[in-house]
Amino acid sequence: MQKEDTLPYDVFDVFTPSQPAKLSFIDRETINSGLVNALRTPGKQIVVYGHSGSGKTTLLSNKLYQTYEGHITSQCMKGMSFEQLVIDAFDQLAPYYEEQKSTKESATSKASLAATYKSIKLALEASHTSEYSKNEKRALPPQLTPQSLGRLLGSSKKCWVIEDFHKIDETEKQKLSQLLKVFMDLAPEHRLLKIICLGAVDTARQVVAYDEEMRRRVAEIHVPLMSDQEIYQIVNKGEELLNIRFPSALRSKVAKHACGVASICHQLCLNMCIDANVIGKQGSPKALSDKNFDRAVEMYIEDASDSLRGAFDKALKQRNKTKFDSSRLIIEALAFAHERGLARLKLLSRIQENSPSYTDAILKIHIKKLLEAEYGSILRHDSDSGLYSFKDPFYRAYAQTIIHTENNDHAEPLSTSAMTSHILVHLRENLIIIEHEEHRQPSR
């Protein structure tokens, strides 16, 4: 039994929208076996990829908890260099090498590695260089080679998790590819030595640029968005842990609004519990209501209103004077399309209804931008179906809201409360349409 099961917990431990789930972790069998096998295979490096919110970090965190004594995590940002990542990993090994007490069995090898660590640390401390900016950079000392980092990591029995590696430049990805090769070659010496790269893109090759010859030595783990059934499992675990009940209609609403994103499910369930004054496990079963759900959605929109507005401001910002305002044309075409989205050529057809000279070449270039952070990341692309859609129903409802307000000649931007009301209206209308379509489908 895991530690978390034996300690007191409350609703914030059960529904965790801002951190990996533990108590309400859903073991996704379709992905689990591939990830576990890769973690256990000596020398196998791993790339885990999928849409933001698909549950990559939660899945990995729980499997690492079962497999490793510990791990270190580096978070990538745009403009970050490979050298900065290597130094970050080295710095995180400090507690192990500065506090460990060698046993008789491994005293010699550990003492040698501890001396190596101390030597590299002194070289790093001596390499501080002030630049014209207020930031300080540390040069990578000659002693901190890929081999030395691998041996230090391997001896500590930790693996190295690199999150959002897709954000850094292509040349830096190529350097990581070379490091993967080194770690593979060190496997006979350190069986658990491993790098795990996480990225929110369509393919593993967009996360790490590695050679074709490495293909069989890198496990590519795709984590898709959750199915409705998997979202229901999160709700079920919450029911059991807190002794609460979600009526079936409420479960369906949570699944439709979550749109496969676990963090949205967690946030809506948490908001419902807070509204119903459920903080810990209930003495007797307590049923949540539609009123709790409506308030939960309202709370979600209020909390997300600034980020929604900011994302669309980025998307709609005109950076250059062009014949077409592509962002606006794409948003308008998708806003009132089916909630699952449109294939590119179908999207083009919709745009051309009002802008006949708009071309597929322009669309190809611009729609990819709306997937990127610089343009608000308001869309997502399903590589399996080929459909482009809004990131989730809240983004779609926001798009409908701004189109509605513009068409009604609003001179001033809507206040947060007015914006929330409009988004709620569109969300409810969309949900009614979805439920109506599902009822019309023939039973299987």
# chains A, B, ... in the order shown; residues from 1 in each chain; ligands from 1
call {"tool": "select_by_dssp", "arguments": {"residues": "segment 119-307 of chain A", "states": "strand (DSSP E or B)", "output": "list in words"}}
result
His128, Thr129, Ser130, Glu136, Lys137, Arg138, Lys158, Cys159, Trp160, Val161, Ile162, Glu163, Ile195, Ile196, Cys197, Leu198, Gly199, Val218, Ala219, Glu220, Ile221, His222, Ile244, Arg245, Lys286 and Ala287 of chain A
call {"tool": "residues_around", "arguments": {"residues": "Glu240 of chain A", "least_positions_apart": "2", "cutoff": "12 Å", "atoms": "only C-alpha atoms", "output": "PyMOL selection string"}}
result
chain A and resi 11+14+23-24+233-238+242-246+280-282+284-286
call {"tool": "write_last_selection", "arguments": {"atoms": "N, CA and C atoms", "output": "CSV table (one decimal), in the first residue's frame"}}
result
chain,number,residue,atom,x,y,z
A,11,VAL,N,-10.0,17.0,-0.2
A,11,VAL,CA,-10.4,17.1,-1.6
A,11,VAL,C,-9.3,17.6,-2.5
A,14,VAL,N,-7.3,14.7,-3.7
A,14,VAL,CA,-8.0,13.8,-4.6
A,14,VAL,C,-8.1,14.4,-6.0
A,23,LEU,N,-3.6,9.9,-5.7
A,23,LEU,CA,-4.8,9.2,-5.2
A,23,LEU,C,-5.8,8.8,-6.3
A,24,SER,N,-6.0,9.7,-7.3
A,24,SER,CA,-6.9,9.5,-8.3
A,24,SER,C,-6.3,9.2,-9.7
A,233,GLN,N,-13.4,7.4,-15.0
A,233,GLN,CA,-12.7,6.7,-13.9
A,233,GLN,C,-12.1,7.6,-12.9
A,234,ILE,N,-11.7,8.8,-13.3
A,234,ILE,CA,-11.2,9.8,-12.4
A,234,ILE,C,-12.4,10.2,-11.5
A,235,VAL,N,-13.5,10.4,-12.0
A,235,VAL,CA,-14.7,10.8,-11.2
A,235,VAL,C,-15.0,9.7,-10.3
A,236,ASN,N,-15.0,8.4,-10.7
A,236,ASN,CA,-15.3,7.3,-9.9
A,236,ASN,C,-14.4,7.2,-8.7
A,237,LYS,N,-13.1,7.4,-8.9
A,237,LYS,CA,-12.1,7.4,-7.8
A,237,LYS,C,-12.4,8.5,-6.8
A,238,GLY,N,-12.8,9.7,-7.3
A,238,GLY,CA,-13.1,10.8,-6.4
A,238,GLY,C,-14.4,10.4,-5.6
A,242,LEU,N,-14.0,10.2,-1.5
A,242,LEU,CA,-14.6,11.3,-0.7
A,242,LEU,C,-16.0,10.9,-0.3
A,243,ASN,N,-16.5,9.7,-0.7
A,243,ASN,CA,-17.9,9.3,-0.3
A,243,ASN,C,-18.9,10.3,-0.9
A,244,ILE,N,-18.8,10.7,-2.1
A,244,ILE,CA,-19.7,11.5,-2.8
A,244,ILE,C,-20.3,10.8,-4.0
A,245,ARG,N,-21.3,11.4,-4.6
A,245,ARG,CA,-21.9,10.8,-5.8
A,245,ARG,C,-22.1,11.8,-6.9
A,246,PHE,N,-21.7,11.4,-8.1
A,246,PHE,CA,-22.0,12.2,-9.3
A,246,PHE,C,-23.1,11.5,-10.1
A,280,GLY,N,-13.4,17.1,2.9
A,280,GLY,CA,-12.8,15.8,3.2
A,280,GLY,C,-13.8,14.7,2.9
A,281,LYS,N,-13.5,13.5,3.3
A,281,LYS,CA,-14.4,12.4,3.1
A,281,LYS,C,-15.6,12.6,4.0
A,282,GLN,N,-16.8,12.4,3.3
A,282,GLN,CA,-18.1,12.6,3.9
A,282,GLN,C,-18.5,11.4,4.8
A,284,SER,N,-21.6,10.4,5.4
A,284,SER,CA,-22.6,9.7,4.7
A,284,SER,C,-22.6,10.2,3.3
A,285,PRO,N,-23.0,9.3,2.3
A,285,PRO,CA,-22.9,9.7,0.9
A,285,PRO,C,-23.6,11.0,0.6
A,286,LYS,N,-22.9,11.9,-0.2
A,286,LYS,CA,-23.4,13.2,-0.5
A,286,LYS,C,-23.5,13.3,-2.1
call {"tool": "closest_residue", "arguments": {"among": "A:Leu180, A:Ile301, A:Ala200, A:Ile162", "to": "Met214 of chain A", "atoms": "only C-alpha atoms"}}
result
A:Leu180
call {"tool": "closest_residue", "arguments": {"among": "A:Ile26, A:Ile87, A:Cys265, A:Leu192", "to": "Thr41 of chain A", "atoms": "only C-alpha atoms"}}
result
A:Leu192
call {"tool": "residues_around", "arguments": {"residues": "Ser415 of chain A", "least_positions_apart": "5", "cutoff": "12 Å", "atoms": "only C-alpha atoms", "output": "PyMOL selection string"}}
result
chain A and resi 302+305-306+309+405+410+420-422
call {"tool": "closest_residue", "arguments": {"among": "A:Val278, A:Ala296, A:Val86, A:Cys159", "to": "Leu193 of chain A", "atoms": "only C-alpha atoms"}}
result
A:Cys159
call {"tool": "closest_residue", "arguments": {"among": "A:Val48, A:Gly283, A:Ser156, A:Lys63", "to": "Pro95 of chain A", "atoms": "only C-alpha atoms"}}
result
A:Ser156
call {"tool": "closest_residue", "arguments": {"among": "A:Thr30, A:Ser112, A:Ser417, A:Ser377", "to": "Ala311 of chain A", "atoms": "only C-alpha atoms"}}
result
A:Ser377
call {"tool": "residues_around", "arguments": {"residues": "segment 139-144 of chain A", "least_positions_apart": "5", "cutoff": "7 Å", "atoms": "only C-alpha atoms", "output": "list in words"}}
result
Glu83, Ile120, Ala123, Leu124, Ser127 and Leu149 of chain A
call {"tool": "closest_residue", "arguments": {"among": "A:Asn292, A:Gln400, A:Asn320, A:Gln45", "to": "Ser177 of chain A", "atoms": "only C-alpha atoms"}}
result
A:Gln45
call {"tool": "residues_around", "arguments": {"residues": "Lys256 of chain A", "least_positions_apart": "5", "cutoff": "10 Å", "atoms": "only C-alpha atoms", "output": "PyMOL selection string"}}
result
chain A and resi 228+231+250-251+265+392-393+430-431+434-435
call {"tool": "write_last_selection", "arguments": {"atoms": "C-alpha atoms", "output": "PDB file, in the first residue's frame"}}
result
ATOM      1  CA  ASP A 228     -14.702   9.641 -21.860  1.00  0.00           C
ATOM      2  CA  ILE A 231     -12.457  10.637 -17.488  1.00  0.00           C
ATOM      3  CA  LEU A 250     -23.319  15.171 -14.323  1.00  0.00           C
ATOM      4  CA  ARG A 251     -20.592  12.688 -15.281  1.00  0.00           C
ATOM      5  CA  CYS A 265     -11.821  17.175 -15.195  1.00  0.00           C
ATOM      6  CA  ASP A 392     -11.067  22.581 -25.364  1.00  0.00           C
ATOM      7  CA  PRO A 393     -14.754  23.659 -25.197  1.00  0.00           C
ATOM      8  CA  ASN A 430     -22.946  23.719 -27.460  1.00  0.00           C
ATOM      9  CA  LEU A 431     -23.688  21.021 -24.877  1.00  0.00           C
ATOM     10  CA  ILE A 434     -23.821  17.646 -28.681  1.00  0.00           C
ATOM     11  CA  GLU A 435     -26.431  15.807 -26.602  1.00  0.00           C
TER      12      GLU A 435
END
call {"tool": "select_by_dssp", "arguments": {"residues": "segment 154-397 of chain A", "states": "alpha helix (DSSP H)", "output": "PDB file with C-alpha atoms, in the first residue's frame"}}
result
ATOM      1  CA  GLY A 154      23.902   6.163 -13.031  1.00  0.00           C
ATOM      2  CA  SER A 155      25.638   5.844  -9.674  1.00  0.00           C
ATOM      3  CA  SER A 156      22.857   7.831  -7.997  1.00  0.00           C
ATOM      4  CA  GLU A 170      16.707  22.324 -33.319  1.00  0.00           C
ATOM      5  CA  THR A 171      20.501  22.497 -32.870  1.00  0.00           C
ATOM      6  CA  GLU A 172      20.081  21.854 -29.126  1.00  0.00           C
ATOM      7  CA  LYS A 173      17.892  18.825 -29.865  1.00  0.00           C
ATOM      8  CA  GLN A 174      20.717  17.373 -31.966  1.00  0.00           C
ATOM      9  CA  LYS A 175      23.103  17.724 -29.030  1.00  0.00           C
ATOM     10  CA  LEU A 176      20.675  15.812 -26.830  1.00  0.00           C
ATOM     11  CA  SER A 177      20.570  13.098 -29.466  1.00  0.00           C
ATOM     12  CA  GLN A 178      24.324  12.633 -29.036  1.00  0.00           C
ATOM     13  CA  LEU A 179      23.876  12.478 -25.256  1.00  0.00           C
ATOM     14  CA  LEU A 180      21.248   9.748 -25.688  1.00  0.00           C
ATOM     15  CA  LYS A 181      23.843   7.685 -27.557  1.00  0.00           C
ATOM     16  CA  VAL A 182      26.349   8.074 -24.726  1.00  0.00           C
ATOM     17  CA  PHE A 183      23.772   7.023 -22.120  1.00  0.00           C
ATOM     18  CA  MET A 184      22.891   3.972 -24.227  1.00  0.00           C
ATOM     19  CA  ASP A 185      26.534   2.908 -24.326  1.00  0.00           C
ATOM     20  CA  ASP A 228     -14.702   9.641 -21.860  1.00  0.00           C
ATOM     21  CA  GLN A 229     -14.421   6.298 -20.052  1.00  0.00           C
ATOM     22  CA  GLU A 230     -11.044   7.282 -18.607  1.00  0.00           C
ATOM     23  CA  ILE A 231     -12.457  10.637 -17.488  1.00  0.00           C
ATOM     24  CA  TYR A 232     -15.293   8.710 -15.796  1.00  0.00           C
ATOM     25  CA  GLN A 233     -12.669   6.672 -13.918  1.00  0.00           C
ATOM     26  CA  ILE A 234     -11.221   9.848 -12.403  1.00  0.00           C
ATOM     27  CA  VAL A 235     -14.726  10.800 -11.243  1.00  0.00           C
ATOM     28  CA  ASN A 236     -15.282   7.253  -9.884  1.00  0.00           C
ATOM     29  CA  LYS A 237     -12.114   7.376  -7.793  1.00  0.00           C
ATOM     30  CA  GLY A 238     -13.149  10.751  -6.421  1.00  0.00           C
ATOM     31  CA  GLU A 239     -16.508   9.279  -5.423  1.00  0.00           C
ATOM     32  CA  GLU A 240     -14.880   6.389  -3.556  1.00  0.00           C
ATOM     33  CA  LEU A 241     -12.272   8.494  -1.797  1.00  0.00           C
ATOM     34  CA  LEU A 242     -14.633  11.290  -0.702  1.00  0.00           C
ATOM     35  CA  SER A 248     -24.831  10.031 -14.555  1.00  0.00           C
ATOM     36  CA  ALA A 249     -25.939  13.256 -16.308  1.00  0.00           C
ATOM     37  CA  LEU A 250     -23.319  15.171 -14.323  1.00  0.00           C
ATOM     38  CA  ARG A 251     -20.592  12.688 -15.281  1.00  0.00           C
ATOM     39  CA  SER A 252     -21.473  13.185 -18.926  1.00  0.00           C
ATOM     40  CA  LYS A 253     -21.241  16.973 -18.589  1.00  0.00           C
ATOM     41  CA  VAL A 254     -17.828  16.715 -16.933  1.00  0.00           C
ATOM     42  CA  ALA A 255     -16.557  14.453 -19.731  1.00  0.00           C
ATOM     43  CA  LYS A 256     -17.856  16.753 -22.493  1.00  0.00           C
ATOM     44  CA  HIS A 257     -16.335  19.852 -20.932  1.00  0.00           C
ATOM     45  CA  ALA A 258     -13.047  18.090 -20.131  1.00  0.00           C
ATOM     46  CA  ALA A 262      -7.495  15.350 -17.260  1.00  0.00           C
ATOM     47  CA  SER A 263      -6.639  18.686 -15.608  1.00  0.00           C
ATOM     48  CA  ILE A 264      -9.998  20.182 -16.677  1.00  0.00           C
ATOM     49  CA  CYS A 265     -11.821  17.175 -15.195  1.00  0.00           C
ATOM     50  CA  HIS A 266      -9.900  17.580 -11.942  1.00  0.00           C
ATOM     51  CA  GLN A 267     -10.604  21.328 -11.792  1.00  0.00           C
ATOM     52  CA  LEU A 268     -14.341  20.971 -12.467  1.00  0.00           C
ATOM     53  CA  CYS A 269     -14.693  18.195  -9.884  1.00  0.00           C
ATOM     54  CA  LEU A 270     -12.696  20.213  -7.352  1.00  0.00           C
ATOM     55  CA  ASN A 271     -14.855  23.290  -7.992  1.00  0.00           C
ATOM     56  CA  MET A 272     -18.042  21.258  -7.551  1.00  0.00           C
ATOM     57  CA  CYS A 273     -16.809  19.882  -4.234  1.00  0.00           C
ATOM     58  CA  ILE A 274     -15.822  23.338  -2.998  1.00  0.00           C
ATOM     59  CA  ASP A 275     -19.252  24.702  -3.979  1.00  0.00           C
ATOM     60  CA  ASP A 290     -26.461  20.448 -11.537  1.00  0.00           C
ATOM     61  CA  LYS A 291     -26.320  23.646  -9.496  1.00  0.00           C
ATOM     62  CA  ASN A 292     -22.877  22.631  -8.195  1.00  0.00           C
ATOM     63  CA  PHE A 293     -21.779  21.894 -11.754  1.00  0.00           C
ATOM     64  CA  ASP A 294     -23.002  25.240 -13.111  1.00  0.00           C
ATOM     65  CA  ARG A 295     -21.171  27.080 -10.379  1.00  0.00           C
ATOM     66  CA  ALA A 296     -18.044  24.939 -11.007  1.00  0.00           C
ATOM     67  CA  VAL A 297     -18.010  25.944 -14.679  1.00  0.00           C
ATOM     68  CA  GLU A 298     -18.519  29.583 -13.748  1.00  0.00           C
ATOM     69  CA  MET A 299     -15.611  29.383 -11.290  1.00  0.00           C
ATOM     70  CA  TYR A 300     -13.446  27.769 -13.972  1.00  0.00           C
ATOM     71  CA  ILE A 301     -14.167  30.538 -16.480  1.00  0.00           C
ATOM     72  CA  GLU A 302     -13.590  33.268 -13.895  1.00  0.00           C
ATOM     73  CA  ASP A 303     -10.190  31.775 -13.056  1.00  0.00           C
ATOM     74  CA  ALA A 304      -9.275  31.236 -16.719  1.00  0.00           C
ATOM     75  CA  SER A 305     -10.693  34.477 -18.155  1.00  0.00           C
ATOM     76  CA  ASP A 306      -7.347  36.313 -18.197  1.00  0.00           C
ATOM     77  CA  SER A 307      -5.505  33.385 -19.800  1.00  0.00           C
ATOM     78  CA  LEU A 308      -8.280  32.926 -22.389  1.00  0.00           C
ATOM     79  CA  ARG A 309      -8.241  36.605 -23.236  1.00  0.00           C
ATOM     80  CA  GLY A 310      -4.445  36.615 -23.381  1.00  0.00           C
ATOM     81  CA  ALA A 311      -4.318  33.552 -25.638  1.00  0.00           C
ATOM     82  CA  PHE A 312      -6.754  35.055 -28.143  1.00  0.00           C
ATOM     83  CA  ASP A 313      -4.997  38.417 -28.022  1.00  0.00           C
ATOM     84  CA  LYS A 314      -1.825  36.621 -29.125  1.00  0.00           C
ATOM     85  CA  ALA A 315      -3.684  34.700 -31.815  1.00  0.00           C
ATOM     86  CA  LEU A 316      -5.446  37.744 -33.257  1.00  0.00           C
ATOM     87  CA  SER A 326      -5.740  34.488 -41.326  1.00  0.00           C
ATOM     88  CA  SER A 327      -6.132  34.042 -37.574  1.00  0.00           C
ATOM     89  CA  ARG A 328      -9.555  35.627 -37.583  1.00  0.00           C
ATOM     90  CA  LEU A 329     -10.698  33.671 -40.647  1.00  0.00           C
ATOM     91  CA  ILE A 330      -9.602  30.357 -39.118  1.00  0.00           C
ATOM     92  CA  ILE A 331     -11.140  31.129 -35.719  1.00  0.00           C
ATOM     93  CA  GLU A 332     -14.461  32.159 -37.270  1.00  0.00           C
ATOM     94  CA  ALA A 333     -14.582  29.034 -39.454  1.00  0.00           C
ATOM     95  CA  LEU A 334     -13.870  26.686 -36.530  1.00  0.00           C
ATOM     96  CA  ALA A 335     -15.997  28.475 -33.927  1.00  0.00           C
ATOM     97  CA  ARG A 344      -7.716  21.275 -43.303  1.00  0.00           C
ATOM     98  CA  LEU A 345      -9.404  21.141 -46.712  1.00  0.00           C
ATOM     99  CA  LYS A 346     -12.872  21.286 -45.137  1.00  0.00           C
ATOM    100  CA  LEU A 347     -11.713  24.269 -43.110  1.00  0.00           C
ATOM    101  CA  LEU A 348     -10.411  25.885 -46.293  1.00  0.00           C
ATOM    102  CA  SER A 349     -13.786  25.371 -47.950  1.00  0.00           C
ATOM    103  CA  ARG A 350     -15.529  27.176 -45.094  1.00  0.00           C
ATOM    104  CA  ILE A 351     -13.126  30.103 -45.228  1.00  0.00           C
ATOM    105  CA  GLN A 352     -13.535  30.395 -49.000  1.00  0.00           C
ATOM    106  CA  ASP A 360      -4.538  26.309 -49.074  1.00  0.00           C
ATOM    107  CA  ALA A 361      -0.885  27.418 -49.128  1.00  0.00           C
ATOM    108  CA  ILE A 362      -1.700  30.347 -46.825  1.00  0.00           C
ATOM    109  CA  LEU A 363      -3.814  28.141 -44.568  1.00  0.00           C
ATOM    110  CA  LYS A 364      -1.086  25.481 -44.236  1.00  0.00           C
ATOM    111  CA  ILE A 365       1.410  28.040 -42.973  1.00  0.00           C
ATOM    112  CA  HIS A 366      -0.860  29.939 -40.615  1.00  0.00           C
ATOM    113  CA  ILE A 367      -2.832  27.145 -38.995  1.00  0.00           C
ATOM    114  CA  LYS A 368       0.415  25.647 -37.667  1.00  0.00           C
ATOM    115  CA  LYS A 369       1.154  28.966 -35.966  1.00  0.00           C
ATOM    116  CA  PRO A 393     -14.754  23.659 -25.197  1.00  0.00           C
ATOM    117  CA  PHE A 394     -13.865  26.766 -23.183  1.00  0.00           C
ATOM    118  CA  TYR A 395     -11.649  28.058 -25.998  1.00  0.00           C
ATOM    119  CA  ARG A 396     -14.405  27.333 -28.512  1.00  0.00           C
ATOM    120  CA  ALA A 397     -17.019  29.132 -26.417  1.00  0.00           C
TER     121      ALA A 397
END
call {"tool": "residues_around", "arguments": {"residues": "Leu59 of chain A", "least_positions_apart": "5", "cutoff": "10 Å", "atoms": "only C-alpha atoms", "output": "ChimeraX atom specification"}}
result
/A:20-22,25-28,31-32,35,48,54,64,223
call {"tool": "write_last_selection", "arguments": {"atoms": "N, CA and C atoms", "output": "compact mmCIF listing (two decimals), in the first residue's frame"}}
result
# COMPACT_ATOMS: atom_id res chain seq x y z
N PRO A 20 0.61 16.34 -10.74
CA PRO A 20 0.29 14.96 -11.11
C PRO A 20 -0.61 14.28 -10.09
N ALA A 21 -1.58 13.52 -10.58
CA ALA A 21 -2.51 12.82 -9.70
C ALA A 21 -1.84 11.60 -9.08
N LYS A 22 -2.13 11.35 -7.81
CA LYS A 22 -1.64 10.14 -7.14
C LYS A 22 -2.82 9.31 -6.63
N PHE A 25 -5.06 8.58 -9.59
CA PHE A 25 -4.32 8.20 -10.80
C PHE A 25 -5.07 7.08 -11.53
N ILE A 26 -5.18 7.23 -12.85
CA ILE A 26 -5.82 6.23 -13.70
C ILE A 26 -4.75 5.50 -14.49
N ASP A 27 -4.65 4.20 -14.27
CA ASP A 27 -3.64 3.40 -14.96
C ASP A 27 -4.15 3.08 -16.36
N ARG A 28 -3.59 3.75 -17.36
CA ARG A 28 -4.05 3.58 -18.74
C ARG A 28 -3.34 2.39 -19.38
N ILE A 31 -1.25 2.26 -22.68
CA ILE A 31 0.04 2.94 -22.73
C ILE A 31 1.00 2.35 -21.70
N ASN A 32 0.45 1.86 -20.61
CA ASN A 32 1.22 1.44 -19.45
C ASN A 32 2.30 0.40 -19.78
N LEU A 35 5.39 1.76 -21.65
CA LEU A 35 6.21 2.64 -20.81
C LEU A 35 6.99 1.83 -19.77
N VAL A 48 8.35 10.63 -24.48
CA VAL A 48 6.91 10.59 -24.23
C VAL A 48 6.31 11.86 -24.81
N SER A 54 -2.73 15.81 -21.81
CA SER A 54 -3.10 14.41 -22.09
C SER A 54 -2.75 13.49 -20.93
N LEU A 64 7.46 6.14 -12.52
CA LEU A 64 8.80 6.36 -11.95
C LEU A 64 8.78 6.07 -10.46
N VAL A 223 1.04 9.49 -25.76
CA VAL A 223 -0.03 9.55 -24.76
C VAL A 223 -1.18 10.37 -25.36
call {"tool": "residues_around", "arguments": {"residues": "Trp160 of chain A", "least_positions_apart": "6", "cutoff": "10 Å", "atoms": "only C-alpha atoms", "output": "list in words"}}
result
Gly70, His71, Ile72, Thr73, Ser74, Ala89, Gly150, Leu153, Gly154, Leu193, Lys194, Ile195, Ile196 and Cys197 of chain A
call {"tool": "atom_distance", "arguments": {"atom1": "atom CA of Ser227 of chain A", "atom2": "atom CA of Ile46 of chain A"}}
result
23.8 Å
